[in-house]
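A.B. asks: Coordinates in work-v6.pdb, PDB, C-alpha atoms, are listed below.
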ATOM      1  CA  MET A 117     103.656  99.621  14.646
ATOM      2  CA  LYS A 118     100.370  98.282  16.004
ATOM      3  CA  ASN A 119     100.875  94.950  14.199
ATOM      4  CA  ILE A 120     104.410  94.641  15.593
ATOM      5  CA  LEU A 121     103.112  95.246  19.123
ATOM      6  CA  ILE A 122     100.420  92.576  18.713
ATOM      7  CA  ALA A 123     103.001  90.108  17.390
ATOM      8  CA  ILE A 124     105.265  90.764  20.399
ATOM      9  CA  LEU A 125     102.357  90.298  22.809
ATOM     10  CA  LEU A 126     101.286  87.064  21.127
ATOM     11  CA  THR A 127     104.860  85.754  21.163
ATOM     12  CA  GLY A 128     105.124  86.557  24.852
ATOM     13  CA  PHE A 129     101.834  84.819  25.574
ATOM     14  CA  GLY A 130     102.998  81.760  23.661
ATOM     15  CA  MET A 131     106.214  81.607  25.661
ATOM     16  CA  VAL A 132     104.370  81.904  28.985
ATOM     17  CA  HIS A 133     101.852  79.289  27.919
ATOM     18  CA  ALA A 134     104.603  76.911  26.823
ATOM     19  CA  GLN A 135     106.352  77.278  30.183
ATOM     20  CA  ASN A 136     103.245  75.951  31.922
ATOM     21  CA  LEU A 137     103.158  72.730  29.922
ATOM     22  CA  LYS A 138     103.858  69.461  31.739
ATOM     23  CA  ALA A 139     105.544  66.433  30.208
ATOM     24  CA  TYR A 140     104.392  64.058  32.972
ATOM     25  CA  GLN A 141     103.007  63.867  36.481
ATOM     26  CA  PHE A 142     103.038  61.021  39.021
ATOM     27  CA  TYR A 143     100.225  60.543  41.544
ATOM     28  CA  ASP A 144      99.795  58.124  44.424
ATOM     29  CA  LYS A 145      96.679  55.971  44.781
ATOM     30  CA  LYS A 146      94.921  58.745  46.724
ATOM     31  CA  GLY A 147      95.434  61.270  43.937
ATOM     32  CA  LYS A 148      98.257  63.207  45.582
ATOM     33  CA  GLU A 149     101.110  64.436  43.387
ATOM     34  CA  VAL A 150     104.394  62.567  43.890
ATOM     35  CA  LYS A 151     107.771  64.007  42.920
ATOM     36  CA  THR A 152     110.224  61.598  41.287
ATOM     37  CA  GLU A 153     112.715  61.853  44.159
ATOM     38  CA  LYS A 154     110.064  60.750  46.661
ATOM     39  CA  LEU A 155     108.825  58.090  44.237
ATOM     40  CA  VAL A 156     112.302  56.533  44.004
ATOM     41  CA  LYS A 157     112.597  56.563  47.791
ATOM     42  CA  GLU A 158     109.262  54.768  48.176
ATOM     43  CA  LEU A 159     109.881  52.247  45.387
ATOM     44  CA  ALA A 160     113.152  51.224  47.023
ATOM     45  CA  GLU A 161     111.096  49.621  49.813
ATOM     46  CA  TYR A 162     109.406  47.120  47.467
ATOM     47  CA  ASP A 163     110.468  43.630  46.418
ATOM     48  CA  VAL A 164     108.938  43.986  42.948
ATOM     49  CA  VAL A 165     108.042  47.107  40.966
ATOM     50  CA  PHE A 166     105.934  46.862  37.799
ATOM     51  CA  PHE A 167     106.472  49.846  35.517
ATOM     52  CA  GLY A 168     103.586  49.795  33.068
ATOM     53  CA  GLU A 169     104.054  51.429  29.705
ATOM     54  CA  ASN A 170     102.421  52.471  26.500
ATOM     55  CA  HIS A 171     104.867  50.792  24.139
ATOM     56  CA  ASN A 172     105.217  53.791  21.835
ATOM     57  CA  SER A 173     105.491  56.570  24.438
ATOM     58  CA  SER A 174     108.856  58.336  24.427
ATOM     59  CA  ILE A 175     108.377  59.936  27.859
ATOM     60  CA  ASN A 176     107.271  56.606  29.329
ATOM     61  CA  HIS A 177     110.531  54.952  28.253
ATOM     62  CA  TRP A 178     112.665  57.894  29.371
ATOM     63  CA  LEU A 179     111.090  57.778  32.826
ATOM     64  CA  GLN A 180     111.690  54.021  33.053
ATOM     65  CA  LEU A 181     115.386  54.650  32.496
ATOM     66  CA  LYS A 182     115.586  57.596  34.906
ATOM     67  CA  LEU A 183     113.727  55.822  37.718
ATOM     68  CA  THR A 184     115.900  52.750  37.190
ATOM     69  CA  GLU A 185     119.020  54.907  37.481
ATOM     70  CA  GLY A 186     117.579  56.499  40.612
ATOM     71  CA  LEU A 187     116.719  53.157  42.195
ATOM     72  CA  HIS A 188     120.171  51.791  41.357
ATOM     73  CA  GLU A 189     121.749  54.689  43.225
ATOM     74  CA  LYS A 190     119.263  54.575  46.117
ATOM     75  CA  LYS A 191     119.752  50.822  46.632
ATOM     76  CA  ASN A 192     123.507  50.770  46.047
ATOM     77  CA  GLY A 193     123.107  48.611  42.965
ATOM     78  CA  GLN A 194     120.775  46.084  44.597
ATOM     79  CA  ILE A 195     118.293  45.869  41.742
ATOM     80  CA  ILE A 196     117.323  43.272  39.132
ATOM     81  CA  LEU A 197     115.760  44.162  35.798
ATOM     82  CA  GLY A 198     113.279  42.170  33.745
ATOM     83  CA  ALA A 199     110.984  42.826  30.802
ATOM     84  CA  GLU A 200     108.068  41.560  28.774
ATOM     85  CA  MET A 201     109.988  42.501  25.617
ATOM     86  CA  PHE A 202     112.438  39.600  25.980
ATOM     87  CA  GLU A 203     111.371  35.960  25.748
ATOM     88  CA  ARG A 204     112.707  33.155  27.906
ATOM     89  CA  ASP A 205     114.423  31.282  25.099
ATOM     90  CA  ASN A 206     116.493  34.409  24.340
ATOM     91  CA  GLN A 207     117.916  34.646  27.881
ATOM     92  CA  SER A 208     121.295  33.270  26.822
ATOM     93  CA  GLN A 209     121.699  35.863  24.057
ATOM     94  CA  LEU A 210     120.735  38.656  26.454
ATOM     95  CA  ASP A 211     123.207  37.392  29.065
ATOM     96  CA  GLN A 212     126.006  37.227  26.535
ATOM     97  CA  TYR A 213     125.389  40.784  25.389
ATOM     98  CA  ILE A 214     125.344  42.102  28.959
ATOM     99  CA  SER A 215     128.540  40.191  29.786
ATOM    100  CA  GLY A 216     130.274  41.609  26.693
ATOM    101  CA  LYS A 217     130.530  38.327  24.758
ATOM    102  CA  PHE A 218     128.034  39.559  22.142
ATOM    103  CA  ASP A 219     128.092  42.920  20.410
ATOM    104  CA  ALA A 220     124.903  44.786  19.479
ATOM    105  CA  LYS A 221     124.763  43.292  15.979
ATOM    106  CA  THR A 222     125.150  39.725  17.246
ATOM    107  CA  LEU A 223     122.335  40.286  19.731
ATOM    108  CA  LYS A 224     120.124  41.699  17.001
ATOM    109  CA  ASP A 225     120.871  38.760  14.687
ATOM    110  CA  SER A 226     120.364  36.061  17.318
ATOM    111  CA  ALA A 227     117.455  37.317  19.461
ATOM    112  CA  ARG A 228     113.908  38.326  18.591
ATOM    113  CA  LEU A 229     114.104  42.015  19.443
ATOM    114  CA  TRP A 230     111.100  44.317  19.191
ATOM    115  CA  ASN A 231     111.107  46.810  16.321
ATOM    116  CA  ASN A 232     111.463  49.697  18.800
ATOM    117  CA  TYR A 233     114.287  48.022  20.732
ATOM    118  CA  VAL A 234     116.998  50.519  19.762
ATOM    119  CA  THR A 235     115.038  53.626  20.786
ATOM    120  CA  ASP A 236     113.105  52.264  23.763
ATOM    121  CA  TYR A 237     114.772  49.247  25.400
ATOM    122  CA  LYS A 238     118.433  49.305  24.434
ATOM    123  CA  PRO A 239     119.097  52.151  26.921
ATOM    124  CA  LEU A 240     117.830  49.903  29.750
ATOM    125  CA  VAL A 241     119.821  46.897  28.533
ATOM    126  CA  ASP A 242     122.947  49.023  28.147
ATOM    127  CA  PHE A 243     122.466  50.369  31.665
ATOM    128  CA  ALA A 244     122.321  46.782  32.950
ATOM    129  CA  LYS A 245     125.477  46.024  30.954
ATOM    130  CA  ALA A 246     127.339  49.052  32.317
ATOM    131  CA  LYS A 247     126.354  48.284  35.912
ATOM    132  CA  LYS A 248     126.682  44.480  35.597
ATOM    133  CA  LEU A 249     123.049  43.870  36.539
ATOM    134  CA  ASN A 250     120.946  40.792  35.885
ATOM    135  CA  PHE A 251     118.360  41.404  33.160
ATOM    136  CA  ILE A 252     115.717  38.677  32.993
ATOM    137  CA  ALA A 253     113.892  37.717  29.795
ATOM    138  CA  THR A 254     110.543  37.000  31.446
ATOM    139  CA  ASN A 255     108.054  36.422  28.652
ATOM    140  CA  ILE A 256     106.812  33.267  26.956
ATOM    141  CA  PRO A 257     108.042  32.799  23.359
ATOM    142  CA  ARG A 258     105.328  34.369  21.224
ATOM    143  CA  ARG A 259     104.848  31.187  19.162
ATOM    144  CA  TYR A 260     103.365  29.432  22.212
ATOM    145  CA  ALA A 261     101.039  32.338  22.977
ATOM    146  CA  SER A 262      99.901  32.279  19.323
ATOM    147  CA  GLN A 263      99.383  28.533  19.566
ATOM    148  CA  THR A 264      97.226  29.039  22.656
ATOM    149  CA  ALA A 265      95.105  31.669  20.900
ATOM    150  CA  LYS A 266      94.477  29.311  17.974
ATOM    151  CA  GLU A 267      94.306  25.882  19.610
ATOM    152  CA  GLY A 268      93.596  26.508  23.278
ATOM    153  CA  LEU A 269      95.470  26.079  26.536
ATOM    154  CA  GLU A 270      95.347  22.267  26.372
ATOM    155  CA  SER A 271      97.529  22.274  23.233
ATOM    156  CA  LEU A 272     100.507  23.274  25.392
ATOM    157  CA  ASN A 273     100.459  19.818  26.989
ATOM    158  CA  LYS A 274     101.787  18.414  23.698
ATOM    159  CA  LEU A 275     105.000  20.436  23.888
ATOM    160  CA  SER A 276     108.308  18.703  24.601
ATOM    161  CA  ASP A 277     109.862  18.922  28.058
ATOM    162  CA  LYS A 278     112.424  21.379  26.686
ATOM    163  CA  GLU A 279     109.739  23.616  25.212
ATOM    164  CA  LYS A 280     107.797  23.567  28.474
ATOM    165  CA  THR A 281     110.749  25.184  30.272
ATOM    166  CA  TYR A 282     109.963  28.368  28.331
ATOM    167  CA  LEU A 283     106.524  28.785  29.883
ATOM    168  CA  ALA A 284     104.959  28.698  33.324
ATOM    169  CA  GLN A 285     104.448  25.291  34.862
ATOM    170  CA  LEU A 286     101.319  23.603  33.575
ATOM    171  CA  PRO A 287      98.440  23.553  34.275
ATOM    172  CA  ILE A 288      97.977  27.332  34.184
ATOM    173  CA  LYS A 289      94.860  28.619  35.902
ATOM    174  CA  VAL A 290      92.754  30.932  33.736
ATOM    175  CA  THR A 291      89.835  32.736  35.324
ATOM    176  CA  LEU A 292      87.733  35.734  34.404
ATOM    177  CA  ASP A 293      88.110  36.854  38.033
ATOM    178  CA  THR A 294      91.540  38.165  37.064
ATOM    179  CA  PRO A 295      91.337  41.982  36.707
ATOM    180  CA  GLY A 296      91.346  42.976  33.056
ATOM    181  CA  TYR A 297      90.235  39.667  31.610
ATOM    182  CA  GLN A 298      86.546  40.580  31.739
ATOM    183  CA  GLU A 299      87.471  43.697  29.799
ATOM    184  CA  MET A 300      89.183  41.537  27.193
ATOM    185  CA  LYS A 301      86.029  39.428  26.919
ATOM    186  CA  ALA A 302      83.942  42.565  26.406
ATOM    187  CA  MET A 303      86.330  43.733  23.683
ATOM    188  CA  MET A 304      85.661  40.522  21.760
ATOM    189  CA  GLY A 305      81.953  41.367  21.672
ATOM    190  CA  ASP A 306      78.839  39.278  22.212
ATOM    191  CA  HIS A 307      79.066  37.758  18.735
ATOM    192  CA  ALA A 308      82.388  36.013  19.420
ATOM    193  CA  GLU A 309      82.305  32.280  20.110
ATOM    194  CA  GLY A 310      82.913  31.175  23.685
ATOM    195  CA  THR A 311      85.868  28.963  22.795
ATOM    196  CA  LYS A 312      87.493  31.680  20.704
ATOM    197  CA  VAL A 313      87.093  34.189  23.537
ATOM    198  CA  MET A 314      88.637  31.870  26.128
ATOM    199  CA  ASN A 315      91.527  30.978  23.813
ATOM    200  CA  PHE A 316      92.228  34.682  23.336
ATOM    201  CA  ILE A 317      92.141  35.307  27.090
ATOM    202  CA  SER A 318      94.223  32.170  27.733
ATOM    203  CA  ALA A 319      96.916  33.487  25.376
ATOM    204  CA  GLN A 320      97.124  36.587  27.571
ATOM    205  CA  ALA A 321      97.099  34.440  30.693
ATOM    206  CA  VAL A 322     100.047  32.257  29.610
ATOM    207  CA  LYS A 323     102.074  35.436  29.087
ATOM    208  CA  ASP A 324     101.098  36.824  32.487
ATOM    209  CA  ALA A 325     101.654  33.513  34.294
ATOM    210  CA  THR A 326     105.036  32.986  32.619
ATOM    211  CA  MET A 327     106.246  36.478  33.443
ATOM    212  CA  ALA A 328     105.049  36.002  37.030
ATOM    213  CA  GLU A 329     106.946  32.720  37.335
ATOM    214  CA  SER A 330     110.074  34.290  35.811
ATOM    215  CA  ILE A 331     109.991  37.057  38.408
ATOM    216  CA  LEU A 332     109.392  34.613  41.281
ATOM    217  CA  LYS A 333     112.357  32.498  40.166
ATOM    218  CA  ASN A 334     114.701  35.484  40.129
ATOM    219  CA  VAL A 335     113.547  37.778  42.930
ATOM    220  CA  LYS A 336     116.070  38.033  45.786
ATOM    221  CA  ALA A 337     115.770  39.290  49.352
ATOM    222  CA  GLY A 338     117.078  42.831  49.750
ATOM    223  CA  LYS A 339     116.890  43.563  46.024
ATOM    224  CA  THR A 340     114.174  45.345  44.068
ATOM    225  CA  PHE A 341     113.094  43.592  40.872
ATOM    226  CA  ILE A 342     111.987  46.208  38.326
ATOM    227  CA  HIS A 343     109.770  44.800  35.595
ATOM    228  CA  TYR A 344     108.899  46.699  32.419
ATOM    229  CA  ASN A 345     105.670  45.609  30.759
ATOM    230  CA  GLY A 346     102.741  46.853  28.753
ATOM    231  CA  ASN A 347     100.309  48.653  31.017
ATOM    232  CA  TYR A 348      97.636  46.007  30.448
ATOM    233  CA  HIS A 349      99.796  43.298  32.061
ATOM    234  CA  SER A 350      99.646  44.915  35.510
ATOM    235  CA  LYS A 351      96.888  47.544  35.518
ATOM    236  CA  GLU A 352      94.269  47.299  38.256
ATOM    237  CA  PHE A 353      96.606  44.835  40.036
ATOM    238  CA  GLY A 354      95.759  42.174  37.459
ATOM    239  CA  GLY A 355      97.831  40.156  35.036
ATOM    240  CA  ILE A 356     101.356  39.404  36.243
ATOM    241  CA  TYR A 357     100.667  40.950  39.652
ATOM    242  CA  TRP A 358      97.634  38.692  40.159
ATOM    243  CA  TYR A 359      99.562  35.533  39.257
ATOM    244  CA  ILE A 360     102.393  36.367  41.640
ATOM    245  CA  LYS A 361      99.897  36.994  44.449
ATOM    246  CA  GLN A 362      98.499  33.482  43.963
ATOM    247  CA  LYS A 363     101.969  31.982  44.522
ATOM    248  CA  ASN A 364     103.524  34.373  47.038
ATOM    249  CA  PRO A 365     101.108  36.804  48.704
ATOM    250  CA  ASN A 366     103.859  38.043  51.036
ATOM    251  CA  LEU A 367     105.957  39.780  48.395
ATOM    252  CA  LYS A 368     105.742  43.559  48.642
ATOM    253  CA  MET A 369     104.835  44.738  45.150
ATOM    254  CA  ALA A 370     104.091  48.124  43.615
ATOM    255  CA  VAL A 371     102.406  48.886  40.314
ATOM    256  CA  ILE A 372     103.031  52.031  38.281
ATOM    257  CA  SER A 373     100.182  52.467  35.802
ATOM    258  CA  VAL A 374     100.107  54.920  32.914
ATOM    259  CA  PHE A 375      97.259  57.085  31.651
ATOM    260  CA  GLU A 376      97.056  59.620  28.839
ATOM    261  CA  SER A 377      95.373  62.984  29.347
ATOM    262  CA  GLU A 378      94.254  65.889  27.161
ATOM    263  CA  ASP A 379      94.556  68.231  30.158
ATOM    264  CA  PRO A 380      97.740  70.370  29.925
ATOM    265  CA  GLU A 381      97.950  70.371  33.739
ATOM    266  CA  LEU A 382      97.841  66.533  33.716
ATOM    267  CA  LYS A 383      95.363  66.284  36.551
ATOM    268  CA  VAL A 384      93.964  62.875  37.544
ATOM    269  CA  PRO A 385      91.438  61.884  34.838
ATOM    270  CA  ALA A 386      87.793  62.250  35.820
ATOM    271  CA  LYS A 387      86.742  59.011  34.112
ATOM    272  CA  ASP A 388      88.201  55.647  33.097
ATOM    273  CA  TYR A 389      90.735  56.025  35.894
ATOM    274  CA  ILE A 390      91.381  53.100  38.217
ATOM    275  CA  PRO A 391      94.547  53.963  40.143
ATOM    276  CA  THR A 392      97.199  51.550  41.358
ATOM    277  CA  ASP A 393     100.009  52.336  43.831
ATOM    278  CA  PHE A 394     101.515  55.005  41.591
ATOM    279  CA  ASN A 395     100.037  56.505  38.455
ATOM    280  CA  LEU A 396     101.824  58.238  35.613
ATOM    281  CA  ILE A 397      99.804  60.796  33.672
ATOM    282  CA  ILE A 398     101.271  61.814  30.304
ATOM    283  CA  PRO A 399     100.032  64.096  27.514
ATOM    284  CA  ALA A 400      97.945  62.295  24.922
ATOM    285  CA  ASP A 401      99.919  64.064  22.198
ATOM    286  CA  MET A 402     103.351  63.164  23.599
ATOM    287  CA  THR A 403     105.860  62.173  20.911
ATOM    288  CA  LYS A 404     105.462  58.527  19.877
ATOM    289  CA  THR A 405     108.416  56.319  18.971
ATOM    290  CA  PHE A 406     106.396  54.471  16.322
TER     291      PHE A 406
END
Could you write out this file's structure as structure tokens?
C.D. replies:
Amino acid sequence: MKNILIAILLTGFGMVHAQNLKAYQFYDKKGKEVKTEKLVKELAEYDVVFFGENHNSSINHWLQLKLTEGLHEKKNGQIILGAEMFERDNQSQLDQYISGKFDAKTLKDSARLWNNYVTDYKPLVDFAKAKKLNFIATNIPRRYASQTAKEGLESLNKLSDKEKTYLAQLPIKVTLDTPGYQEMKAMMGDHAEGTKVMNFISAQAVKDATMAESILKNVKAGKTFIHYNGNYHSKEFGGIYWYIKQKNPNLKMAVISVFESEDPELKVPAKDYIPTDFNLIIPADMTKTF
């Protein structure tokens, strides 16, 4: 009887404890909790919204879809979508899928889709298809980023005029003053050669600059452009955000950054936390999609 009572008490404790778990929490830049309804209302006032992600986070992708749905409703459909996960030379294939000319298999066979496309990005693309929204393939084809990492930024000058349409207009400015790039340099370590380090950083820069240019070419007054990208491409207001600011400092832009936490209450991390406009805290052990 005593053992049964203990088991019941432990089960009850487990249920109470489980009810207190959080799947996510948004904060503003001052560390104040923000409910999703208020977040959608505030984001609707921006020209461009960067939704940073950890590529394998299930809750991150679910929230991207839900906030996009919320913004679509709040703005009466006046939104544009764009993503790092689609490269400029696949824009035609993406357009044809959204317009209904391609089925899912044809898109898969003709475009370079990420391995986690079906679980993580197809819901966003299908939402754009259902609502007849523009979805912009913003990124540079990966072969040119790889070329930059191996041969340097100057090697891009040898590309044909057609190939150059798939990347930001040359010359592309690369500076370690860009937030995040010093961190990349530190990751390479002191033993790495200077040229190798700058080629590595330049490969990141051509992605950021190309995505920035893609957004600038497609942003429209009165509409909110929502861009989905790896957290590193916009954290600390660097990357894509920085390149857009160089070209058009008047655009009103918001960055949603993502951080993982071991704290079940998902409070703002005490260290390694540099907030942007809005900050998504998720459990470190949240289910991963790969």
A.B. asks: When distances are computed from only C-alpha atoms, which of A:Leu155, A:Met314, A:Ile397, A:Ile356 shows the smallest separation from Ser373 of chain A?
C.D. replies: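 Checking each of A:Leu155, A:Met314, A:Ile397, A:Ile356 against Ser373 of chain A, counting only C-alpha atoms, the winner is A:Ile397.
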A.B. asks: Suppose you want the space between atom CA of Lys312 of chain A and atom CA of Phe202 of chain A; what is it in Å?
C.D. replies: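 Distance reported for this atom pair: 26.7 Å.
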A.B. asks: So how many Å separate atom CA of Ile398 of chain A and atom CA of Glu352 of chain A, to one decimal?
C.D. replies: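 Pair atom CA of Ile398 of chain A / atom CA of Glu352 of chain A returns 18.0 Å.
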A.B. asks: In file coordinates, which residues lie within 12 Å of (99.1, 28.7, 18.0) using all atoms listed in the file, given as a PDB file with C-alpha atoms, in the coordinates of the input?
C.D. replies:
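Result file part36.pdb:
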ATOM      1  CA  PRO A 257     108.042  32.799  23.359  1.00  0.00           C
ATOM      2  CA  ARG A 258     105.328  34.369  21.224  1.00  0.00           C
ATOM      3  CA  ARG A 259     104.848  31.187  19.162  1.00  0.00           C
ATOM      4  CA  TYR A 260     103.365  29.432  22.212  1.00  0.00           C
ATOM      5  CA  ALA A 261     101.039  32.338  22.977  1.00  0.00           C
ATOM      6  CA  SER A 262      99.901  32.279  19.323  1.00  0.00           C
ATOM      7  CA  GLN A 263      99.383  28.533  19.566  1.00  0.00           C
ATOM      8  CA  THR A 264      97.226  29.039  22.656  1.00  0.00           C
ATOM      9  CA  ALA A 265      95.105  31.669  20.900  1.00  0.00           C
ATOM     10  CA  LYS A 266      94.477  29.311  17.974  1.00  0.00           C
ATOM     11  CA  GLU A 267      94.306  25.882  19.610  1.00  0.00           C
ATOM     12  CA  GLY A 268      93.596  26.508  23.278  1.00  0.00           C
ATOM     13  CA  LEU A 269      95.470  26.079  26.536  1.00  0.00           C
ATOM     14  CA  GLU A 270      95.347  22.267  26.372  1.00  0.00           C
ATOM     15  CA  SER A 271      97.529  22.274  23.233  1.00  0.00           C
ATOM     16  CA  LEU A 272     100.507  23.274  25.392  1.00  0.00           C
ATOM     17  CA  LEU A 275     105.000  20.436  23.888  1.00  0.00           C
ATOM     18  CA  ASN A 315      91.527  30.978  23.813  1.00  0.00           C
ATOM     19  CA  PHE A 316      92.228  34.682  23.336  1.00  0.00           C
ATOM     20  CA  SER A 318      94.223  32.170  27.733  1.00  0.00           C
ATOM     21  CA  ALA A 319      96.916  33.487  25.376  1.00  0.00           C
TER      22      ALA A 319
END
A.B. asks: With distances taken over only C-alpha atoms, which of A:Leu210, A:Leu367, A:Ile360, A:Val150 is nearest to Lys336 of chain A?
C.D. replies: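 Result for the nearest residue to Lys336 of chain A: A:Leu367.
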A.B. asks: Could you jot down the atom CA of Tyr162 of chain A to atom CA of Lys368 of chain A separation for me, Å, one decimal place?
C.D. replies: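 For atom CA of Tyr162 of chain A relative to atom CA of Lys368 of chain A, the distance reads 5.2 Å.
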A.B. asks: On this file, the PyMOL selection byres ((chain A and resi 294-298) around 7) gives some set of residues; write that set as a VMD selection string.
C.D. replies: chain A and resid 291 to 293 299 to 302 317 352 to 355 358
A.B. asks: Please evaluate the PyMOL selection byres ((chain A and resi 374-380) around 12) against the displayed coordinates and give the resulting residues as JSON, numbers by chain.
C.D. replies: {"A": [133, 134, 135, 136, 137, 138, 139, 140, 141, 142, 143, 144, 166, 167, 168, 169, 170, 171, 173, 175, 176, 177, 179, 180, 345, 346, 347, 348, 349, 350, 351, 352, 371, 372, 373, 381, 382, 383, 384, 385, 386, 387, 388, 389, 390, 391, 392, 393, 394, 395, 396, 397, 398, 399, 400, 401, 402]}
A.B. asks: Out of A:Lys221, A:Lys182, A:Lys363, A:Lys146, which residue has the shortest atom-to-atom distance to Val234 of chain A when counting only C-alpha atoms?
C.D. replies: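 Looking at the shortest contact to Val234 of chain A, the residue is A:Lys221.
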A.B. asks: Smallest atom-to-atom distance to Lys323 of chain A: which of A:Gln285, A:Asn364, A:Asn255, A:Asn172, using all atoms listed in the file?
C.D. replies: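 Among the listed residues, the smallest separation from Lys323 of chain A belongs to A:Asn255.
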A.B. asks: May I have the centre and edge lengths, in Å to one decimal, of an axis-aligned box around the listed atoms of segment 310-318 of chain A with 3 Å added to every side, as lines of an AutoDock Vina configuration file?
C.D. replies:
center_x = 88.6
center_y = 32.1
center_z = 24.2
size_x = 17.3
size_y = 12.3
size_z = 13.0
A.B. asks: Excluding same-chain residues fewer than 5 positions from Lys247 of chain A, what lies within 12 Å of it counting all atoms listed in the file, as a list in words?
C.D. replies: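 Within the cut-off, the hits are Thr184, Glu185, His188, Glu189, Asn192, Gly193, Gln194, Ile195, Ile196, Leu197, Ile214, Ser215, Leu240, Val241 and Asp242 of chain A.
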A.B. asks: Taking the file as I've supplied it (selection: the PyMOL selection byres ((chain A and resi 209) around 9)), which residues are included? Please answer as a PDB file with C-alpha atoms, in the coordinates of the input.
C.D. replies:
ATOM      1  CA  ASP A 205     114.423  31.282  25.099  1.00  0.00           C
ATOM      2  CA  ASN A 206     116.493  34.409  24.340  1.00  0.00           C
ATOM      3  CA  GLN A 207     117.916  34.646  27.881  1.00  0.00           C
ATOM      4  CA  SER A 208     121.295  33.270  26.822  1.00  0.00           C
ATOM      5  CA  LEU A 210     120.735  38.656  26.454  1.00  0.00           C
ATOM      6  CA  ASP A 211     123.207  37.392  29.065  1.00  0.00           C
ATOM      7  CA  GLN A 212     126.006  37.227  26.535  1.00  0.00           C
ATOM      8  CA  TYR A 213     125.389  40.784  25.389  1.00  0.00           C
ATOM      9  CA  ILE A 214     125.344  42.102  28.959  1.00  0.00           C
ATOM     10  CA  PHE A 218     128.034  39.559  22.142  1.00  0.00           C
ATOM     11  CA  THR A 222     125.150  39.725  17.246  1.00  0.00           C
ATOM     12  CA  LEU A 223     122.335  40.286  19.731  1.00  0.00           C
ATOM     13  CA  SER A 226     120.364  36.061  17.318  1.00  0.00           C
ATOM     14  CA  ALA A 227     117.455  37.317  19.461  1.00  0.00           C
TER      15      ALA A 227
END
